[in-house]
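To be precise, the following lines are target-v5.csv, and they hold CSV, C-alpha atoms and all ligand atoms.
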chain,number,residue,atom,x,y,z
A,1,MET,CA,132.4,91.0,95.0
A,2,ALA,CA,130.6,88.2,93.2
A,3,ARG,CA,132.2,86.7,90.1
A,4,VAL,CA,130.1,86.7,86.9
A,5,PHE,CA,130.9,84.7,83.8
A,6,SER,CA,129.0,84.3,80.5
A,7,GLY,CA,129.6,83.4,76.9
A,8,VAL,CA,128.3,83.9,73.4
A,9,GLN,CA,128.8,81.7,70.4
A,10,PRO,CA,130.2,83.5,67.3
A,11,THR,CA,128.0,81.4,65.0
A,12,GLY,CA,125.8,84.1,63.5
A,13,ASP,CA,124.5,87.6,63.7
A,14,MET,CA,123.6,88.7,67.2
A,15,HIS,CA,119.9,89.3,67.7
A,16,LEU,CA,117.4,91.0,69.9
A,17,GLY,CA,116.7,87.8,71.8
A,18,GLY,CA,120.3,87.5,73.0
A,19,TYR,CA,120.4,91.2,73.7
A,20,LEU,CA,117.3,91.3,75.9
A,21,GLY,CA,117.9,87.8,77.5
A,22,ALA,CA,121.6,88.2,78.2
A,23,PHE,CA,123.9,90.9,76.8
A,24,ARG,CA,122.3,93.9,78.2
A,25,HIS,CA,122.5,92.3,81.6
A,26,TRP,CA,126.2,91.7,81.1
A,27,ALA,CA,126.6,95.4,80.6
A,28,ALA,CA,124.8,96.1,83.8
A,29,ASP,CA,126.6,93.3,85.8
A,30,GLN,CA,130.1,94.6,84.9
A,31,HIS,CA,129.6,97.6,87.2
A,32,GLU,CA,128.5,95.5,90.2
A,33,HIS,CA,130.4,92.3,89.9
A,34,ASP,CA,133.8,91.1,88.9
A,35,SER,CA,132.8,90.1,85.4
A,36,PHE,CA,134.3,87.8,82.7
A,37,PHE,CA,132.7,87.6,79.2
A,38,CYS,CA,133.9,85.3,76.6
A,39,VAL,CA,133.3,84.7,72.9
A,40,VAL,CA,133.2,80.9,72.9
A,41,ASP,CA,134.8,80.3,69.6
A,42,LEU,CA,135.6,76.7,70.4
A,43,HIS,CA,131.9,76.0,70.9
A,44,ALA,CA,131.3,77.2,67.3
A,45,LEU,CA,133.4,74.3,66.0
A,46,THR,CA,130.9,71.7,67.2
A,47,VAL,CA,129.1,72.3,63.8
A,48,GLU,CA,130.9,72.8,60.5
A,49,GLN,CA,132.1,76.4,59.9
A,50,ASP,CA,133.8,78.1,57.0
A,51,PRO,CA,137.2,79.3,58.4
A,52,ALA,CA,137.2,82.7,56.8
A,53,GLU,CA,133.6,83.4,57.9
A,54,LEU,CA,134.3,82.1,61.4
A,55,ARG,CA,137.3,84.4,61.8
A,56,GLU,CA,135.3,87.4,60.8
A,57,ARG,CA,132.3,86.4,63.1
A,58,ILE,CA,134.6,86.0,66.1
A,59,LEU,CA,135.8,89.5,65.7
A,60,SER,CA,132.5,91.0,64.9
A,61,THR,CA,130.9,89.3,67.9
A,62,ALA,CA,133.6,90.9,70.1
A,63,ARG,CA,132.9,94.3,68.5
A,64,VAL,CA,129.2,94.0,69.1
A,65,LEU,CA,129.8,93.2,72.8
A,66,LEU,CA,132.0,96.3,73.1
A,67,ALA,CA,129.5,98.4,71.2
A,68,LEU,CA,126.6,97.4,73.5
A,69,GLY,CA,128.5,98.7,76.4
A,70,LEU,CA,131.0,96.2,77.7
A,71,ASP,CA,133.9,98.4,79.0
A,72,PRO,CA,137.3,96.7,78.9
A,73,ASP,CA,138.5,98.8,81.7
A,74,VAL,CA,135.8,97.4,83.9
A,75,CYS,CA,135.2,93.8,82.8
A,76,THR,CA,137.3,91.1,81.2
A,77,LEU,CA,136.5,90.3,77.6
A,78,PHE,CA,138.3,87.6,75.8
A,79,LEU,CA,138.2,84.8,73.2
A,80,GLN,CA,137.9,81.2,74.6
A,81,SER,CA,140.6,79.8,72.3
A,82,HIS,CA,143.1,82.3,73.8
A,83,VAL,CA,142.9,80.6,77.1
A,84,GLN,CA,144.1,77.0,76.8
A,85,GLU,CA,142.7,75.9,80.2
A,86,HIS,CA,139.2,75.7,78.7
A,87,THR,CA,139.9,72.6,76.7
A,88,GLY,CA,142.1,71.1,79.5
A,89,LEU,CA,139.4,71.4,82.1
A,90,ALA,CA,136.7,70.3,79.6
A,91,TRP,CA,138.5,66.9,79.5
A,92,LEU,CA,138.3,66.6,83.2
A,93,MET,CA,134.6,67.5,83.0
A,94,GLU,CA,133.9,65.0,80.3
A,95,CYS,CA,135.4,62.3,82.5
A,96,VAL,CA,133.0,63.3,85.3
A,97,ALA,CA,129.9,63.7,83.1
A,98,GLY,CA,127.8,60.7,82.3
A,99,PHE,CA,127.0,59.6,78.7
A,100,GLY,CA,123.3,59.4,79.7
A,101,GLU,CA,123.1,62.9,81.2
A,102,LEU,CA,124.7,64.4,78.1
A,103,ARG,CA,122.3,62.5,75.9
A,104,ARG,CA,119.4,64.1,77.7
A,105,MET,CA,120.4,67.7,76.8
A,106,THR,CA,117.6,69.2,74.8
A,107,GLN,CA,119.9,71.4,72.8
A,108,PHE,CA,121.9,68.4,71.6
A,109,LYS,CA,118.7,66.6,70.7
A,110,ASP,CA,117.4,69.7,68.8
A,111,LYS,CA,120.7,70.4,67.0
A,112,SER,CA,121.4,66.8,66.1
A,113,ALA,CA,117.9,65.8,65.0
A,114,GLY,CA,117.8,65.1,61.2
A,115,GLN,CA,121.5,65.7,60.7
A,116,GLU,CA,123.5,63.3,58.5
A,117,SER,CA,126.6,63.6,60.7
A,118,VAL,CA,126.9,64.8,64.3
A,119,SER,CA,130.2,65.7,65.8
A,120,ALA,CA,131.4,64.2,69.1
A,121,GLY,CA,132.0,67.8,70.1
A,122,LEU,CA,128.3,68.7,69.8
A,123,PHE,CA,127.6,65.9,72.2
A,124,THR,CA,130.3,66.9,74.8
A,125,TYR,CA,129.6,70.6,74.3
A,126,PRO,CA,128.0,71.0,77.8
A,127,ALA,CA,131.2,69.7,79.4
A,128,LEU,CA,133.2,72.5,77.7
A,129,MET,CA,130.6,75.0,78.8
A,130,ALA,CA,130.9,73.7,82.4
A,131,ALA,CA,134.7,74.1,82.2
A,132,ASP,CA,134.2,77.7,80.9
A,133,ILE,CA,132.2,78.6,84.0
A,134,LEU,CA,134.1,76.6,86.7
A,135,LEU,CA,137.5,77.9,85.6
A,136,TYR,CA,136.6,81.4,87.0
A,137,ASP,CA,135.2,80.4,90.4
A,138,THR,CA,131.9,81.8,89.0
A,139,ASP,CA,129.1,82.7,91.3
A,140,ARG,CA,126.5,83.9,88.7
A,141,VAL,CA,126.0,83.1,85.1
A,142,PRO,CA,123.7,85.6,83.3
A,143,VAL,CA,122.0,83.7,80.4
A,144,GLY,CA,118.7,83.4,78.6
A,145,ASP,CA,116.2,80.6,79.5
A,146,ASP,CA,117.4,78.2,76.8
A,147,GLN,CA,120.6,77.7,78.8
A,148,ARG,CA,118.9,76.6,82.0
A,149,GLN,CA,119.5,72.9,81.5
A,150,HIS,CA,123.2,73.4,80.7
A,151,LEU,CA,123.6,75.4,83.8
A,152,GLU,CA,121.9,72.7,85.9
A,153,LEU,CA,124.3,70.2,84.4
A,154,CYS,CA,127.3,72.4,85.2
A,155,ARG,CA,126.1,72.6,88.8
A,156,ASP,CA,125.7,68.8,89.0
A,157,LEU,CA,129.2,68.3,87.6
A,158,ALA,CA,130.8,70.8,90.0
A,159,GLN,CA,129.0,69.2,93.0
A,160,ARG,CA,130.0,65.6,91.8
A,161,PHE,CA,133.6,66.7,91.3
A,162,ASN,CA,133.7,68.4,94.8
A,163,HIS,CA,132.2,65.3,96.4
A,164,ARG,CA,134.6,62.9,94.7
A,165,TYR,CA,137.8,64.9,94.9
A,166,GLY,CA,137.3,67.5,97.7
A,167,GLU,CA,136.2,71.1,97.5
A,168,THR,CA,137.6,72.4,94.2
A,169,PHE,CA,134.9,74.4,92.4
A,170,VAL,CA,132.5,77.2,93.3
A,171,VAL,CA,129.0,75.9,92.4
A,172,PRO,CA,127.5,78.6,90.2
A,173,GLU,CA,123.9,79.9,90.0
A,174,ALA,CA,122.1,80.7,86.7
A,175,SER,CA,120.9,84.3,86.5
A,176,ILE,CA,117.9,84.4,84.2
A,177,PRO,CA,115.9,87.7,83.8
A,178,ARG,CA,112.3,87.7,84.8
A,179,VAL,CA,111.3,89.5,81.6
A,180,GLY,CA,112.9,88.8,78.2
A,181,ALA,CA,114.5,85.5,78.9
A,182,ARG,CA,112.9,83.8,75.9
A,183,ILE,CA,112.1,86.1,73.0
A,184,MET,CA,110.3,84.3,70.2
A,185,ASP,CA,110.7,84.5,66.5
A,186,LEU,CA,108.5,87.3,65.0
A,187,GLN,CA,107.3,85.1,62.2
A,188,GLU,CA,107.0,81.9,64.2
A,189,PRO,CA,106.2,83.0,67.7
A,190,THR,CA,106.2,79.5,69.1
A,191,ARG,CA,109.9,79.1,68.3
A,192,LYS,CA,112.7,81.1,70.1
A,193,MET,CA,114.4,83.8,68.2
A,194,SER,CA,117.6,82.3,67.1
A,195,LYS,CA,120.7,82.9,64.9
A,196,SER,CA,121.2,79.4,63.8
A,197,VAL,CA,117.8,79.0,62.2
A,198,GLU,CA,117.4,80.9,58.9
A,199,SER,CA,114.5,83.3,59.6
A,200,PRO,CA,115.6,86.7,58.3
A,201,GLN,CA,112.2,88.3,58.8
A,202,GLY,CA,111.5,86.8,62.2
A,203,THR,CA,114.8,87.8,63.7
A,204,VAL,CA,115.7,91.4,64.7
A,205,LEU,CA,119.5,91.7,64.5
A,206,VAL,CA,121.3,94.0,66.9
A,207,LEU,CA,122.9,95.7,63.9
A,208,ASP,CA,119.7,96.1,61.8
A,209,GLU,CA,119.0,99.6,60.4
A,210,PRO,CA,116.0,101.4,62.0
A,211,ALA,CA,113.9,101.0,58.8
A,212,VAL,CA,114.6,97.2,58.8
A,213,ILE,CA,113.7,96.9,62.5
A,214,GLU,CA,110.4,98.8,61.8
A,215,ARG,CA,109.6,96.6,58.9
A,216,LYS,CA,110.2,93.3,60.8
A,217,VAL,CA,108.2,94.4,63.8
A,218,LYS,CA,105.3,95.7,61.7
A,219,ARG,CA,105.2,92.4,59.8
A,220,ALA,CA,105.3,90.3,63.0
A,221,VAL,CA,102.7,87.6,63.0
A,222,THR,CA,100.0,88.4,65.5
A,223,ASP,CA,97.0,86.3,66.5
A,224,THR,CA,93.3,86.1,65.7
A,225,GLY,CA,91.2,88.6,67.5
A,226,THR,CA,92.0,92.3,68.2
A,227,ASP,CA,92.6,92.7,71.9
A,228,VAL,CA,96.0,93.2,73.3
A,229,ARG,CA,96.4,90.6,76.1
A,230,TYR,CA,99.3,88.8,77.6
A,231,ASP,CA,98.5,85.1,77.0
A,232,PRO,CA,101.5,83.2,75.6
A,233,VAL,CA,99.5,80.0,75.0
A,234,HIS,CA,96.6,81.5,73.1
A,235,LYS,CA,98.2,84.7,71.8
A,236,PRO,CA,101.9,83.9,71.3
A,237,GLY,CA,102.5,86.6,68.7
A,238,VAL,CA,101.1,89.5,70.7
A,239,SER,CA,102.5,88.1,74.0
A,240,ASN,CA,106.0,88.1,72.4
A,241,LEU,CA,105.6,91.8,71.4
A,242,LEU,CA,104.5,92.6,75.0
A,243,GLU,CA,107.5,90.7,76.3
A,244,ILE,CA,109.8,92.7,74.1
A,245,LEU,CA,108.3,96.0,75.0
A,246,GLY,CA,108.3,95.0,78.7
A,247,ALA,CA,112.0,94.1,78.6
A,248,ALA,CA,112.9,97.2,76.7
A,249,THR,CA,111.0,99.5,79.1
A,250,GLY,CA,111.5,97.8,82.4
A,251,ARG,CA,107.9,96.6,82.9
A,252,SER,CA,106.2,93.2,83.1
A,253,PRO,CA,104.4,92.1,79.9
A,254,SER,CA,101.0,92.1,81.7
A,255,GLU,CA,101.6,95.7,82.9
A,256,VAL,CA,102.4,96.7,79.3
A,257,ALA,CA,99.2,94.9,78.1
A,258,ASP,CA,97.1,97.0,80.6
A,259,SER,CA,98.2,100.2,78.9
A,260,TYR,CA,96.7,99.0,75.6
A,261,THR,CA,93.1,98.5,76.7
A,262,GLY,CA,91.0,99.6,73.8
A,263,ALA,CA,94.1,100.0,71.5
A,264,GLY,CA,94.8,97.6,68.6
A,265,TYR,CA,97.8,95.6,67.4
A,266,GLY,CA,98.9,98.5,65.2
A,267,GLN,CA,99.7,100.9,68.1
A,268,LEU,CA,101.5,98.1,69.9
A,269,LYS,CA,103.7,97.3,66.9
A,270,SER,CA,104.6,101.0,66.4
A,271,ASP,CA,105.6,101.3,70.1
A,272,VAL,CA,107.6,98.1,70.0
A,273,ALA,CA,109.4,99.2,66.8
A,274,GLU,CA,110.2,102.6,68.4
A,275,ALA,CA,111.5,101.2,71.6
A,276,VAL,CA,113.7,98.6,69.9
A,277,VAL,CA,115.1,101.2,67.5
A,278,GLU,CA,115.9,103.5,70.4
A,279,LEU,CA,117.6,100.6,72.3
A,280,LEU,CA,119.8,99.5,69.3
A,281,ALA,CA,120.7,102.7,67.5
A,282,PRO,CA,123.6,103.6,69.7
A,283,VAL,CA,125.0,100.0,69.4
A,284,ARG,CA,125.1,100.3,65.6
A,285,GLU,CA,126.9,103.6,65.7
A,286,ARG,CA,129.6,102.4,68.1
A,287,TYR,CA,130.0,99.2,66.2
A,288,ALA,CA,131.0,101.2,63.1
A,289,GLU,CA,133.6,103.1,65.1
A,290,LEU,CA,135.1,99.9,66.4
A,291,SER,CA,135.2,98.4,63.0
A,292,ALA,CA,137.5,101.1,62.0
A,293,ASP,CA,139.9,100.1,64.8
A,294,PRO,CA,140.9,96.4,64.5
A,295,ALA,CA,144.2,96.9,66.3
A,296,GLY,CA,142.3,98.5,69.3
A,297,VAL,CA,139.9,95.6,69.5
A,298,ALA,CA,142.8,93.1,69.2
A,299,ALA,CA,144.6,94.8,72.1
A,300,ILE,CA,141.5,94.7,74.3
A,301,LEU,CA,141.2,90.9,73.6
A,302,ALA,CA,144.8,90.3,74.4
A,303,LYS,CA,144.6,92.1,77.7
A,304,GLY,CA,141.4,90.2,78.5
A,305,ALA,CA,143.0,86.9,77.7
A,306,ALA,CA,146.1,87.6,79.9
A,307,LYS,CA,143.8,88.4,82.8
A,308,ALA,CA,141.6,85.4,82.2
A,309,SER,CA,144.6,83.1,81.9
A,310,ASP,CA,145.9,84.0,85.3
A,311,VAL,CA,142.6,83.0,87.0
A,312,ALA,CA,142.1,79.9,84.8
A,313,ALA,CA,145.6,78.6,85.3
A,314,ALA,CA,145.2,78.6,89.0
A,315,THR,CA,141.9,76.8,89.0
A,316,PHE,CA,143.0,74.2,86.4
A,317,ALA,CA,146.1,73.4,88.4
A,318,ARG,CA,144.0,72.9,91.5
A,319,ALA,CA,141.6,70.6,89.6
A,320,LYS,CA,144.4,68.5,88.1
A,321,GLU,CA,146.0,68.1,91.5
A,322,ALA,CA,142.6,67.1,93.0
A,323,VAL,CA,142.1,64.2,90.6
A,324,GLY,CA,145.6,62.9,91.3
A,325,LEU,CA,147.6,64.2,88.3
A,326,VAL,CA,151.2,65.0,89.1
A,327,PRO,CA,152.3,68.7,88.8
A,328,PRO,CA,155.3,69.4,86.7
A,329,GLN,CA,158.5,70.3,88.5
A,330,GLY,CA,159.1,74.0,88.7
A,331,GLY,CA,155.8,75.3,87.3
A,332,ARG,CA,152.1,75.0,87.4
A,333,ARG,CA,151.5,73.9,83.8
B,401,LIG,P1,121.3,79.7,68.7
B,401,LIG,O1,120.1,80.5,68.5
B,401,LIG,O2,122.1,79.4,67.5
B,401,LIG,O3,121.1,78.5,69.6
B,401,LIG,P2,121.9,81.6,70.5
B,401,LIG,O4,121.5,82.9,69.9
B,401,LIG,O5,121.0,81.0,71.5
B,401,LIG,O6,122.3,80.6,69.4
B,401,LIG,P3,124.2,82.7,71.8
B,401,LIG,O7,124.2,83.9,70.9
B,401,LIG,O8,125.5,82.1,72.1
B,401,LIG,O9,123.3,81.6,71.2
B,401,LIG,O10,123.4,83.1,73.1
B,401,LIG,C1,123.9,84.2,73.8
B,401,LIG,C2,122.9,84.4,74.9
B,401,LIG,O11,121.7,84.9,74.5
B,401,LIG,C3,122.6,83.1,75.8
B,401,LIG,O12,122.7,83.5,77.1
B,401,LIG,C4,121.2,82.8,75.4
B,401,LIG,O13,120.6,82.1,76.4
B,401,LIG,C5,120.6,84.1,75.1
B,401,LIG,N1,119.5,84.0,74.1
B,401,LIG,C6,119.6,83.5,72.8
B,401,LIG,N2,118.4,83.5,72.2
B,401,LIG,C7,117.6,84.1,73.1
B,401,LIG,C8,116.2,84.4,73.0
B,401,LIG,N3,115.5,84.1,71.9
B,401,LIG,N4,115.6,85.1,74.0
B,401,LIG,C9,116.3,85.3,75.1
B,401,LIG,N5,117.6,85.0,75.3
B,401,LIG,C10,118.3,84.4,74.3
B,402,LIG,N1,125.9,77.4,75.4
B,402,LIG,C1,125.8,78.9,75.3
B,402,LIG,C2,127.1,79.6,75.1
B,402,LIG,C3,128.1,79.3,76.2
B,402,LIG,C4,128.0,79.8,77.6
B,402,LIG,C5,129.2,79.3,78.2
B,402,LIG,C6,127.1,80.6,78.2
B,402,LIG,C7,129.2,78.5,76.2
B,402,LIG,N2,129.9,78.6,77.3
B,402,LIG,C8,129.4,79.6,79.6
B,402,LIG,C9,127.4,80.9,79.6
B,402,LIG,C10,128.5,80.4,80.2
B,402,LIG,C11,124.8,79.2,74.2
B,402,LIG,O1,124.6,78.4,73.3
B,402,LIG,N3,124.3,80.3,74.2

Show me this structure written as C-alpha cells.
Amino acid sequence: MARVFSGVQPTGDMHLGGYLGAFRHWAADQHEHDSFFCVVDLHALTVEQDPAELRERILSTARVLLALGLDPDVCTLFLQSHVQEHTGLAWLMECVAGFGELRRMTQFKDKSAGQESVSAGLFTYPALMAADILLYDTDRVPVGDDQRQHLELCRDLAQRFNHRYGETFVVPEASIPRVGARIMDLQEPTRKMSKSVESPQGTVLVLDEPAVIERKVKRAVTDTGTDVRYDPVHKPGVSNLLEILGAATGRSPSEVADSYTGAGYGQLKSDVAEAVVELLAPVRERYAELSADPAGVAAILAKGAAKASDVAAATFARAKEAVGLVPPQGGRR
C-alpha cells in the first residue's frame, strides 16, 4: 500500500481553497493508502504568533480535519511538535540544502517581501517540510498547486542525500488535483484564496454559515461581459467560480461552462453557492460535536503521535547513521 503524507499550517481559519485543493483528497486517500496527516504547528512559528491564539488554532485545525472526514481509525492524525524527529531530521536537511536553492523559493520571497524582520525559520521552512515528508517513507503528497516548488525541493534533497550517503529516503511524488488545485480569492481573482492575507469577503471559510457562504459567492467579483466562459486569463473571476463548481461536482471547468450557454452570471453564482453550502454544511455540524469533546480529540492526537513516532524514529535513526553519526549504546535515540 502506498504511503501518503500531508500537512496543514494552523495559522488561520481553514478555507475553501485548502478544502478543494487538498483536504477532501486526504479524506479520500485515507481509504486507499496508508495515510499520515499532520498539523504542522512548528511551521506556524516561522512568523510571530500569539501563544494563546496559536494553541487554540492548533486544536481547531485538528477538529476541522476530523470534521471533514479524517477517520482516526483509518489514518494517522497528529501534531508535528509531538514527534521530535521532525526537527532532528530538519537539521540534516538544512545541511544538505543549499542557501541559493532556499533563496529561490517563491513562498519565501512572497512572505518576506516588505517585512521589517524575517526569521531564519521562514528561510529554512522548506527543509523542515522535506523532513516531515521523508520521515514517513512517503510515496505521495496530496497538496494544492502552491506547494509544487516545495515538493520539487524535497525530491531534490532526498535524491542528493541518497546519492551522497546511500539509499536512505523514498523519493516522494506530489499529488496535485486536476481541478481545484488553485482556487482564487473571490474579491481578487488573480490572487490565490489564502488564510494569511486578510480578505474576509474573498475567502470562504470551511466553517462559514450557509448565509455567509451565499453572500460571499454572490458578491464575488466577476468580469466584464455577460457570457460564462472558462478563460482564466481574460475572465479570472468567472473562471474561478467555474473551477469551484467543477471541483465540487467532479467536472472540468470547461464542461461546467458548457452547461451555462445562454445563462448569466447570476445563475452560475446561485449554483456555486448551493454546491459549496452542500459540501461544507456537514463539516460545520461535526465540528460543533468535536468542540464539545476536547478529551476525545486529545486522545486521537496522542494515539496518532505514538504511531507516527514509531515510523519517524526508525527513519531518523537510519538517516543519522547514514551521515556518519554514532548511535547511542543500547537504544536508537
Ligand atoms: P497560506 O494561504 O497562509 O499560505 P495556506 O492556506 O496555503 O496558507 P495551508 O492551510 O497549510 O496553507 O495549506 C493546506 C493545503 O491547502 C496545502 O496543500 C495547500 O497547497 C492547499 N491550498 C491552500 N490554498 C489553496 C488554494 N487557494 N487553492 C487550492 N489549494 C490550496
Ligand atoms: N508548506 C505547506 C504545509 C506543510 C506541508 C508539509 C504540506 C508543511 N509540511 C509536508 C505537505 C507535506 C503549506 O504551507 N501549505

Smallest atom-to-atom distance to Ile300 (chain A): which of A:Val64, A:Met1, A:Leu77, A:Leu59, using all atoms listed in the file?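 Closest to Ile300 (chain A), using all atoms listed in the file: A:Leu77.
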
Could you list, as a PyMOL selection string, all protein and nucleic acid residues with an atom at most 6 Å from ligand LIG 402 (chain B), counting all atoms listed in the file? chain A and resi 6-9+40+129+132-133

Box for ligand LIG 401 (chain B) - axis-aligned, 8 Å on each of the six sides, all listed atoms - centre and size in Å to one decimal, as JSON.
{"center_x": 120.5, "center_y": 81.9, "center_z": 72.3, "size_x": 26.0, "size_y": 22.8, "size_z": 25.6}

A:Val326, A:Ile183, A:Ala97, A:Ala220 ranked by distance to ligand LIG 401 (chain B), top pick (using all atoms listed in the file):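 Of all the options, A:Ile183 lies closest to ligand LIG 401 (chain B).
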
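With all atoms listed in the file as the atoms that count, the minimum distance from ligand LIG 401 (chain B) to the choices A:Val276, A:Ile213, A:Ile176, A:Ala281 is reached by A:Ile176.
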
Export of region 212-248 of chain A: C-alpha atoms, as a PDB file, in the first residue's frame:
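Produced file out36.pdb, reproduced below:
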ATOM      1  CA  VAL A 212     -22.348  33.839   4.818  1.00  0.00           C
ATOM      2  CA  ILE A 213     -21.197  31.495   2.055  1.00  0.00           C
ATOM      3  CA  GLU A 214     -24.095  32.642  -0.125  1.00  0.00           C
ATOM      4  CA  ARG A 215     -23.287  36.283   0.453  1.00  0.00           C
ATOM      5  CA  LYS A 216     -19.593  35.860  -0.317  1.00  0.00           C
ATOM      6  CA  VAL A 217     -20.248  33.909  -3.514  1.00  0.00           C
ATOM      7  CA  LYS A 218     -22.958  36.286  -4.712  1.00  0.00           C
ATOM      8  CA  ARG A 219     -20.665  39.276  -4.173  1.00  0.00           C
ATOM      9  CA  ALA A 220     -17.741  37.595  -5.927  1.00  0.00           C
ATOM     10  CA  VAL A 221     -16.041  39.864  -8.441  1.00  0.00           C
ATOM     11  CA  THR A 222     -16.930  38.777 -11.974  1.00  0.00           C
ATOM     12  CA  ASP A 223     -15.648  40.147 -15.232  1.00  0.00           C
ATOM     13  CA  THR A 224     -16.873  42.498 -17.930  1.00  0.00           C
ATOM     14  CA  GLY A 225     -19.212  40.932 -20.461  1.00  0.00           C
ATOM     15  CA  THR A 226     -22.029  38.536 -19.681  1.00  0.00           C
ATOM     16  CA  ASP A 227     -21.067  35.174 -21.151  1.00  0.00           C
ATOM     17  CA  VAL A 228     -20.000  32.312 -18.906  1.00  0.00           C
ATOM     18  CA  ARG A 229     -16.743  31.061 -20.392  1.00  0.00           C
ATOM     19  CA  TYR A 230     -13.667  29.306 -18.917  1.00  0.00           C
ATOM     20  CA  ASP A 231     -10.818  31.682 -19.681  1.00  0.00           C
ATOM     21  CA  PRO A 232      -8.598  32.256 -16.611  1.00  0.00           C
ATOM     22  CA  VAL A 233      -6.564  34.993 -18.352  1.00  0.00           C
ATOM     23  CA  HIS A 234      -9.391  37.198 -19.622  1.00  0.00           C
ATOM     24  CA  LYS A 235     -12.144  36.123 -17.238  1.00  0.00           C
ATOM     25  CA  PRO A 236     -10.426  35.237 -13.945  1.00  0.00           C
ATOM     26  CA  GLY A 237     -13.494  35.834 -11.740  1.00  0.00           C
ATOM     27  CA  VAL A 238     -15.916  33.690 -13.740  1.00  0.00           C
ATOM     28  CA  SER A 239     -13.255  31.048 -14.357  1.00  0.00           C
ATOM     29  CA  ASN A 240     -12.647  30.761 -10.621  1.00  0.00           C
ATOM     30  CA  LEU A 241     -16.369  30.176  -9.998  1.00  0.00           C
ATOM     31  CA  LEU A 242     -16.341  27.511 -12.733  1.00  0.00           C
ATOM     32  CA  GLU A 243     -13.285  25.915 -11.134  1.00  0.00           C
ATOM     33  CA  ILE A 244     -15.052  25.821  -7.744  1.00  0.00           C
ATOM     34  CA  LEU A 245     -18.220  24.335  -9.191  1.00  0.00           C
ATOM     35  CA  GLY A 246     -16.205  21.866 -11.250  1.00  0.00           C
ATOM     36  CA  ALA A 247     -14.218  20.724  -8.216  1.00  0.00           C
ATOM     37  CA  ALA A 248     -17.381  20.487  -6.104  1.00  0.00           C
TER      38      ALA A 248
END
